[in-house]
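Have a look at entry_3.txt below; it lists compact mmCIF, C-alpha atoms.
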# COMPACT_ATOMS: atom_id res chain seq x y z
CA MET U 134 -55.12 5.66 -33.49
CA LYS U 135 -52.22 8.09 -33.05
CA PRO U 136 -51.22 8.74 -29.44
CA LYS U 137 -51.91 12.21 -28.07
CA VAL U 138 -48.28 12.65 -27.11
CA ARG U 139 -45.66 12.62 -29.85
CA VAL U 140 -43.30 9.66 -29.89
CA LYS U 141 -39.68 9.79 -30.97
CA ILE U 142 -38.04 6.41 -31.33
CA CYS U 143 -34.30 6.67 -31.02
CA CYS U 144 -31.29 4.55 -32.00
CA ILE U 145 -32.77 3.70 -35.41
CA SER U 146 -30.19 1.54 -37.17
CA SER U 147 -31.63 0.79 -40.63
CA GLU U 148 -34.24 1.83 -43.16
CA GLU U 149 -36.27 -1.19 -42.10
CA GLU U 150 -36.26 -0.09 -38.46
CA ALA U 151 -37.32 3.38 -39.54
CA LYS U 152 -40.23 1.93 -41.49
CA THR U 153 -41.28 -0.25 -38.54
CA ALA U 154 -41.15 2.64 -36.07
CA ILE U 155 -43.28 4.81 -38.33
CA GLU U 156 -45.83 2.04 -38.89
CA PHE U 157 -46.36 1.77 -35.14
CA GLY U 158 -46.87 5.51 -34.77
CA ALA U 159 -43.53 7.29 -34.33
CA SER U 160 -43.62 10.91 -35.44
CA ALA U 161 -39.84 11.33 -35.10
CA LEU U 162 -36.75 9.14 -35.41
CA GLY U 163 -33.43 9.50 -33.62
CA LEU U 164 -30.27 8.77 -35.61
CA VAL U 165 -27.17 8.52 -33.44
CA GLY U 166 -23.81 9.83 -34.58
CA PRO U 167 -20.47 9.17 -32.82
CA MET U 168 -20.79 9.15 -29.03
CA PRO U 169 -18.37 8.62 -26.12
CA SER U 170 -20.72 5.91 -24.81
CA GLY U 171 -24.19 4.46 -25.26
CA PRO U 172 -26.10 2.44 -27.86
CA GLY U 173 -27.32 3.00 -31.39
CA VAL U 174 -24.34 4.65 -33.07
CA ILE U 175 -24.38 4.39 -36.87
CA ASP U 176 -22.18 6.01 -39.51
CA ASP U 177 -23.09 9.26 -41.20
CA ASP U 178 -23.70 7.67 -44.61
CA LEU U 179 -26.37 5.42 -43.09
CA ILE U 180 -27.92 8.35 -41.20
CA ALA U 181 -28.20 10.23 -44.49
CA ARG U 182 -29.79 7.25 -46.28
CA ILE U 183 -32.35 6.72 -43.53
CA ALA U 184 -33.16 10.44 -43.44
CA ARG U 185 -33.81 10.44 -47.19
CA SER U 186 -36.10 7.41 -46.88
CA VAL U 187 -38.43 8.93 -44.29
CA PRO U 188 -41.76 10.54 -45.30
CA PRO U 189 -41.85 14.34 -45.00
CA ALA U 190 -44.29 14.29 -42.07
CA VAL U 191 -41.82 12.38 -39.88
CA SER U 192 -38.99 14.32 -38.27
CA THR U 193 -35.43 12.99 -38.37
CA PHE U 194 -33.12 13.92 -35.49
CA LEU U 195 -29.34 13.85 -35.84
CA LEU U 196 -27.90 13.14 -32.40
CA THR U 197 -24.54 14.86 -32.40
CA SER U 198 -22.01 14.96 -29.58
CA GLU U 199 -20.08 17.77 -31.24
CA THR U 200 -19.92 20.87 -29.05
CA LYS U 201 -18.40 23.54 -31.31
CA PRO U 202 -20.88 25.28 -33.66
CA GLU U 203 -18.63 24.82 -36.69
CA ASP U 204 -18.26 21.09 -35.99
CA ILE U 205 -22.00 20.67 -35.55
CA ILE U 206 -22.62 22.40 -38.87
CA GLU U 207 -20.03 20.17 -40.58
CA HIS U 208 -21.64 17.07 -39.08
CA TYR U 209 -25.12 18.16 -40.16
CA LYS U 210 -24.01 18.74 -43.76
CA LYS U 211 -23.05 15.07 -43.99
CA VAL U 212 -26.56 13.86 -43.18
CA TYR U 213 -29.22 16.59 -43.78
CA THR U 214 -31.79 15.58 -41.18
CA SER U 215 -34.72 17.86 -40.35
CA THR U 216 -33.54 18.40 -36.78
CA ILE U 217 -30.30 18.53 -34.80
CA GLN U 218 -30.34 17.09 -31.29
CA LEU U 219 -27.46 18.50 -29.27
CA VAL U 220 -26.69 15.88 -26.64
CA ASP U 221 -23.92 17.89 -24.98
CA ALA U 222 -23.55 21.54 -24.01
CA LEU U 223 -22.98 23.92 -26.92
CA GLN U 224 -19.66 25.70 -26.57
CA GLY U 225 -20.30 29.32 -25.66
CA ARG U 226 -24.04 28.65 -26.01
CA ASP U 227 -23.69 30.35 -29.38
CA TYR U 228 -26.91 29.14 -30.97
CA LYS U 229 -26.98 32.19 -33.24
CA ILE U 230 -24.24 30.69 -35.40
CA LEU U 231 -26.34 27.57 -35.95
CA ARG U 232 -29.43 29.65 -36.66
CA THR U 233 -27.57 31.77 -39.21
CA GLU U 234 -25.89 28.87 -41.01
CA LEU U 235 -28.80 26.41 -40.81
CA PRO U 236 -31.94 28.58 -40.73
CA SER U 237 -34.37 25.83 -41.73
CA VAL U 238 -33.10 23.23 -39.25
CA LYS U 239 -34.82 22.72 -35.89
CA LEU U 240 -32.59 22.70 -32.81
CA VAL U 241 -33.30 20.47 -29.82
CA GLN U 242 -31.06 20.75 -26.79
CA VAL U 243 -30.71 17.82 -24.40
CA ILE U 244 -30.70 18.65 -20.71
CA HIS U 245 -29.42 15.81 -18.56
CA VAL U 246 -31.59 16.09 -15.46
CA LEU U 247 -29.34 15.70 -12.42
CA ASP U 248 -30.62 18.15 -9.81
CA GLU U 249 -32.29 21.54 -9.34
CA ASN U 250 -29.49 23.19 -11.34
CA SER U 251 -30.86 21.40 -14.39
CA VAL U 252 -34.08 23.37 -14.06
CA ALA U 253 -32.27 26.71 -14.25
CA GLU U 254 -30.13 25.46 -17.14
CA ALA U 255 -33.18 24.36 -19.13
CA LEU U 256 -34.99 27.62 -18.53
CA GLU U 257 -32.06 29.67 -19.80
CA ILE U 258 -31.30 27.52 -22.84
CA SER U 259 -34.95 27.19 -23.86
CA GLU U 260 -34.88 30.79 -25.07
CA SER U 261 -32.48 29.77 -27.87
CA VAL U 262 -33.84 26.46 -29.18
CA ASP U 263 -36.97 24.93 -30.67
CA ALA U 264 -37.39 22.25 -28.02
CA ILE U 265 -35.81 20.77 -24.91
CA LEU U 266 -35.24 17.04 -24.44
CA LEU U 267 -34.88 15.84 -20.85
CA ASP U 268 -32.67 12.77 -20.47
CA SER U 269 -30.84 10.79 -17.80
CA GLY U 270 -27.21 11.02 -18.87
CA ASN U 271 -24.32 12.50 -16.95
CA PRO U 272 -21.91 14.67 -18.95
CA LYS U 273 -19.80 15.24 -15.81
CA LEU U 274 -18.34 11.72 -15.84
CA ASN U 275 -14.83 11.01 -17.19
CA VAL U 276 -16.50 9.10 -20.02
CA LYS U 277 -19.55 11.21 -20.68
CA GLU U 278 -23.00 9.62 -20.66
CA LEU U 279 -24.99 11.57 -23.25
CA GLY U 280 -28.05 9.34 -23.61
CA GLY U 281 -29.20 5.78 -23.98
CA THR U 282 -28.64 4.95 -20.31
CA GLY U 283 -31.99 3.22 -19.78
CA ARG U 284 -32.25 5.04 -16.43
CA VAL U 285 -35.17 7.03 -15.11
CA HIS U 286 -34.38 10.45 -13.63
CA ASN U 287 -36.37 12.55 -11.16
CA TRP U 288 -39.55 13.42 -13.05
CA GLN U 289 -40.41 16.14 -10.55
CA PHE U 290 -37.51 18.20 -11.89
CA SER U 291 -38.71 17.45 -15.41
CA ARG U 292 -42.19 18.63 -14.53
CA GLN U 293 -40.78 21.89 -13.16
CA ILE U 294 -38.92 22.41 -16.40
CA ARG U 295 -41.96 21.65 -18.52
CA GLU U 296 -44.07 24.08 -16.50
CA GLN U 297 -41.59 26.93 -16.86
CA VAL U 298 -40.22 26.78 -20.40
CA LYS U 299 -42.10 28.12 -23.39
CA VAL U 300 -40.90 25.54 -25.93
CA PRO U 301 -42.00 21.91 -26.36
CA VAL U 302 -40.43 19.39 -24.00
CA PHE U 303 -39.55 15.79 -24.84
CA LEU U 304 -39.08 13.32 -22.00
CA ALA U 305 -36.50 10.52 -22.27
CA GLY U 306 -34.71 8.16 -19.92
CA GLY U 307 -35.70 4.62 -19.02
CA LEU U 308 -39.21 4.74 -20.48
CA ASN U 309 -41.04 1.51 -21.28
CA SER U 310 -44.58 0.15 -21.46
CA GLY U 311 -44.62 -0.30 -17.69
CA ASN U 312 -43.90 3.30 -16.71
CA VAL U 313 -44.77 5.51 -19.68
CA ARG U 314 -48.29 6.34 -18.50
CA GLU U 315 -47.01 7.48 -15.10
CA ALA U 316 -44.24 9.47 -16.80
CA ILE U 317 -46.69 11.30 -19.04
CA GLU U 318 -49.16 11.95 -16.26
CA THR U 319 -46.36 13.32 -14.05
CA VAL U 320 -44.48 15.48 -16.56
CA GLN U 321 -47.13 16.09 -19.26
CA PRO U 322 -44.52 16.46 -22.00
CA PHE U 323 -45.10 17.38 -25.62
CA GLY U 324 -43.30 14.22 -26.67
CA ILE U 325 -41.51 11.17 -25.35
CA ASP U 326 -38.28 9.60 -26.52
CA ILE U 327 -37.57 5.89 -26.22
CA CYS U 328 -34.73 3.60 -27.21
CA SER U 329 -34.02 0.52 -25.08
CA GLY U 330 -37.63 0.22 -23.85
CA VAL U 331 -38.81 -1.05 -27.24
CA ARG U 332 -35.78 -3.19 -28.07
CA SER U 333 -34.57 -6.73 -27.48
CA VAL U 334 -30.91 -7.58 -28.02
CA GLY U 335 -30.47 -4.15 -29.54
CA SER U 336 -33.15 -4.48 -32.25
CA LEU U 337 -36.64 -3.05 -32.38
CA ASP U 338 -39.09 -5.54 -30.86
CA LYS U 339 -42.54 -5.42 -32.44
CA GLN U 340 -44.23 -6.86 -29.36
CA LYS U 341 -42.64 -4.22 -27.14
CA LEU U 342 -43.63 -1.54 -29.63
CA GLU U 343 -47.22 -2.78 -29.62
CA ASP U 344 -47.31 -2.89 -25.81
CA PHE U 345 -45.83 0.59 -25.60
CA PHE U 346 -48.25 2.23 -28.02
CA ASN U 347 -51.18 0.37 -26.45
CA GLN U 348 -50.33 2.06 -23.14
CA LEU U 349 -50.30 5.45 -24.82
CA GLU U 350 -53.76 4.89 -26.25
CA LYS U 351 -55.11 4.40 -22.73
CA ILE U 352 -54.09 7.87 -21.61
Is it possible to express this structure as structure tokens?
Amino acid sequence: MKPKVRVKICCISSEEEAKTAIEFGASALGLVGPMPSGPGVIDDDLIARIARSVPPAVSTFLLTSETKPEDIIEHYKKVYTSTIQLVDALQGRDYKILRTELPSVKLVQVIHVLDENSVAEALEISESVDAILLDSGNPKLNVKELGGTGRVHNWQFSRQIREQVKVPVFLAGGLNSGNVREAIETVQPFGIDICSGVRSVGSLDKQKLEDFFNQLEKI
């Protein structure tokens, strides 16, 4: 049985991992491009191959750390996923350029939930994108953390964001089979995003996947 909340499994590293994630119930896959830090980075040729292998009903997210609209567009045209996940702030917040050049591509902006300022940031940016993804990175560090930290952030801020924005909200950051029910009950997101919580030694772990989806079925 499909879980009520959508599940995006991130850091997919092969066509086989993509197939496994979908078999367990993932409705979206995260494919990680070059990052200043964090797990799951694969080259653009592999991202493109995985994206082509995925059934049409499953969304493919390109995680890009590019911040200039023209560089994001260039990156996208190497991979052709269904969605772009902007893990850093868009320079000038000029989403109109992306909309004009890539009209059929969904845009998901990551908000790294640090404090109450993140709530205001999410509310403003939500007017320009198709969804918001709330994560636990810290782009203010010398070496930016833009995802894949395995840390939980303050879900009360995430709940405030979810209650105020008009677009779907994905929740990420340190989720696993032990805390996902509490996370969903607290934030009530449209979808959840998980990477390290269903992996062992960097690879998808079928037992952890089973445990994770079993928890979702209990909600």
How close does region 160-267 of chain U get to region 306-321 of chain U? List, as a tab-separated table, each residue of region 160-267 of chain U within 12 Å, its nearest atom pair and the distance in Å to one decimal, counting all atoms listed in the file.
residue	atom	partner	partner_atom	distance
U:Val243	CA	U:Gly306	CA	11.4
U:Ile244	CA	U:Gly306	CA	11.3
U:His245	CA	U:Gly306	CA	9.4
U:Val246	CA	U:Gly306	CA	9.6
U:Leu247	CA	U:Gly306	CA	11.9
U:Leu266	CA	U:Gly306	CA	10.0
U:Leu267	CA	U:Gly306	CA	7.7
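Considering the residues U:Val252, U:Ile327, U:Ile230, U:Val302 and counting only C-alpha atoms, Gly163 (chain U) has its shortest atom-to-atom contact with U:Ile327.
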Worksheet item: Which is closer to Ala190 (chain U) than all the others in U:Ile155, U:Leu235, U:Ala305, U:Val300, using only C-alpha atoms?
Response: U:Ile155
Report the closest atom pair, with its distance in Å rounded to one decimal, for each residue of region 212-331 of chain U that has an atom no farther than 8 Å from region 178-185 of chain U; count only C-alpha atoms, sort by chain and then rising residue number, and write it as CSV.
residue,atom,partner,partner_atom,distance
U:Val212,CA,U:Ala181,CA,4.2
U:Tyr213,CA,U:Ala181,CA,6.5
U:Thr214,CA,U:Ala184,CA,5.8
Can you sort out the box for region 205-209 of chain U, edges along x, y and z, all listed atoms in, 8 Å on every side, with centre and edge lengths in Å to one decimal, as JSON?
{"center_x": -22.6, "center_y": 19.7, "center_z": -38.1, "size_x": 21.1, "size_y": 21.3, "size_z": 21.0}
Worksheet item: Which protein, DNA or RNA residues have an atom at most 12 Å from (-29.6, 14.4, -16.9), counting only C-alpha atoms? List them as number ranges by chain.
Response: U: 220-222, 242-252, 254-255, 265-274, 277-288, 290-291, 304-307
Item to complete: Give the answer as one residue: which of U:Val140, U:Gln348, U:Val238, U:Glu296 has the shortest atom-to-atom distance to Gly158 (chain U), using all atoms listed in the file?
Response: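 Smallest distance to Gly158 (chain U) is found for U:Val140.
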Worksheet entry | Atom-to-atom span, CA of Phe323 (chain U) and CA of Ile142 (chain U), Å | 14.2 Å
Practice prompt. State, in Å with one decimal place, the distance from CA of Ile217 (chain U) to CA of Cys328 (chain U).
Written response: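 CA of Cys328 (chain U) lies at a distance of 17.3 Å from CA of Ile217 (chain U).
The space separating CA of Val138 (chain U) from CA of Pro322 (chain U) comes to 7.4 Å.
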Practice prompt. Would you please work out which residue, of U:Val262, U:Arg232, U:Pro301, U:Thr216, is nearest to Thr193 (chain U) when using only C-alpha atoms?
Written response: U:Thr216
Residue rebuild result region 167-203 of chain U, N, CA and C atoms as a CSV table (one decimal), in the coordinates of the input:
chain,number,residue,atom,x,y,z
U,167,PRO,N,-21.5,9.6,-33.8
U,167,PRO,CA,-20.5,9.2,-32.8
U,167,PRO,C,-20.7,9.7,-31.4
U,168,MET,N,-20.6,8.8,-30.4
U,168,MET,CA,-20.8,9.2,-29.0
U,168,MET,C,-19.7,8.6,-28.2
U,169,PRO,N,-19.4,9.2,-27.0
U,169,PRO,CA,-18.4,8.6,-26.1
U,169,PRO,C,-18.8,7.3,-25.5
U,170,SER,N,-20.2,7.1,-25.4
U,170,SER,CA,-20.7,5.9,-24.8
U,170,SER,C,-22.2,5.8,-25.3
U,171,GLY,N,-22.8,4.6,-25.0
U,171,GLY,CA,-24.2,4.5,-25.3
U,171,GLY,C,-24.5,3.7,-26.5
U,172,PRO,N,-25.7,3.3,-26.7
U,172,PRO,CA,-26.1,2.4,-27.9
U,172,PRO,C,-26.5,3.2,-29.1
U,173,GLY,N,-26.6,2.5,-30.2
U,173,GLY,CA,-27.3,3.0,-31.4
U,173,GLY,C,-26.5,3.8,-32.4
U,174,VAL,N,-25.2,3.9,-32.2
U,174,VAL,CA,-24.3,4.6,-33.1
U,174,VAL,C,-24.3,4.0,-34.5
U,175,ILE,N,-24.5,4.8,-35.5
U,175,ILE,CA,-24.4,4.4,-36.9
U,175,ILE,C,-23.6,5.4,-37.6
U,176,ASP,N,-23.0,5.1,-38.8
U,176,ASP,CA,-22.2,6.0,-39.5
U,176,ASP,C,-23.0,7.0,-40.2
U,177,ASP,N,-22.4,8.1,-40.6
U,177,ASP,CA,-23.1,9.3,-41.2
U,177,ASP,C,-23.7,8.9,-42.5
U,178,ASP,N,-23.1,8.1,-43.3
U,178,ASP,CA,-23.7,7.7,-44.6
U,178,ASP,C,-25.0,7.0,-44.4
U,179,LEU,N,-25.1,6.1,-43.4
U,179,LEU,CA,-26.4,5.4,-43.1
U,179,LEU,C,-27.4,6.4,-42.5
U,180,ILE,N,-27.0,7.3,-41.7
U,180,ILE,CA,-27.9,8.4,-41.2
U,180,ILE,C,-28.5,9.1,-42.4
U,181,ALA,N,-27.7,9.5,-43.3
U,181,ALA,CA,-28.2,10.2,-44.5
U,181,ALA,C,-29.2,9.4,-45.3
U,182,ARG,N,-28.9,8.1,-45.5
U,182,ARG,CA,-29.8,7.2,-46.3
U,182,ARG,C,-31.1,7.1,-45.6
U,183,ILE,N,-31.1,6.9,-44.3
U,183,ILE,CA,-32.4,6.7,-43.5
U,183,ILE,C,-33.1,8.0,-43.6
U,184,ALA,N,-32.5,9.1,-43.4
U,184,ALA,CA,-33.2,10.4,-43.4
U,184,ALA,C,-33.9,10.7,-44.8
U,185,ARG,N,-33.2,10.3,-45.9
U,185,ARG,CA,-33.8,10.4,-47.2
U,185,ARG,C,-35.0,9.5,-47.4
U,186,SER,N,-35.0,8.4,-46.7
U,186,SER,CA,-36.1,7.4,-46.9
U,186,SER,C,-37.4,7.7,-46.1
U,187,VAL,N,-37.3,8.7,-45.2
U,187,VAL,CA,-38.4,8.9,-44.3
U,187,VAL,C,-39.4,9.9,-44.9
U,188,PRO,N,-40.7,9.6,-44.8
U,188,PRO,CA,-41.8,10.5,-45.3
U,188,PRO,C,-41.6,11.9,-44.7
U,189,PRO,N,-42.0,13.0,-45.5
U,189,PRO,CA,-41.8,14.3,-45.0
U,189,PRO,C,-42.5,14.7,-43.7
U,190,ALA,N,-43.6,14.0,-43.3
U,190,ALA,CA,-44.3,14.3,-42.1
U,190,ALA,C,-43.6,13.8,-40.8
U,191,VAL,N,-42.6,12.9,-41.0
U,191,VAL,CA,-41.8,12.4,-39.9
U,191,VAL,C,-40.5,13.1,-39.7
U,192,SER,N,-40.2,13.6,-38.5
U,192,SER,CA,-39.0,14.3,-38.3
U,192,SER,C,-37.8,13.4,-38.1
U,193,THR,N,-36.7,13.8,-38.6
U,193,THR,CA,-35.4,13.0,-38.4
U,193,THR,C,-34.5,13.8,-37.5
U,194,PHE,N,-34.0,13.2,-36.4
U,194,PHE,CA,-33.1,13.9,-35.5
U,194,PHE,C,-31.7,13.4,-35.6
U,195,LEU,N,-30.7,14.2,-35.9
U,195,LEU,CA,-29.3,13.8,-35.8
U,195,LEU,C,-28.9,14.1,-34.4
U,196,LEU,N,-28.5,13.0,-33.7
U,196,LEU,CA,-27.9,13.1,-32.4
U,196,LEU,C,-26.4,13.3,-32.6
U,197,THR,N,-26.0,14.6,-32.3
U,197,THR,CA,-24.5,14.9,-32.4
U,197,THR,C,-23.9,15.2,-31.0
U,198,SER,N,-22.7,14.7,-30.8
U,198,SER,CA,-22.0,15.0,-29.6
U,198,SER,C,-21.0,16.1,-29.8
U,199,GLU,N,-21.0,16.6,-31.0
U,199,GLU,CA,-20.1,17.8,-31.2
U,199,GLU,C,-20.5,19.0,-30.4
U,200,THR,N,-19.6,19.8,-29.9
U,200,THR,CA,-19.9,20.9,-29.0
U,200,THR,C,-19.6,22.2,-29.6
U,201,LYS,N,-18.7,22.3,-30.7
U,201,LYS,CA,-18.4,23.5,-31.3
U,201,LYS,C,-19.4,23.8,-32.5
U,202,PRO,N,-19.9,25.0,-32.6
U,202,PRO,CA,-20.9,25.3,-33.7
U,202,PRO,C,-20.4,24.9,-35.0
U,203,GLU,N,-19.1,25.2,-35.4
U,203,GLU,CA,-18.6,24.8,-36.7
U,203,GLU,C,-18.6,23.3,-36.9
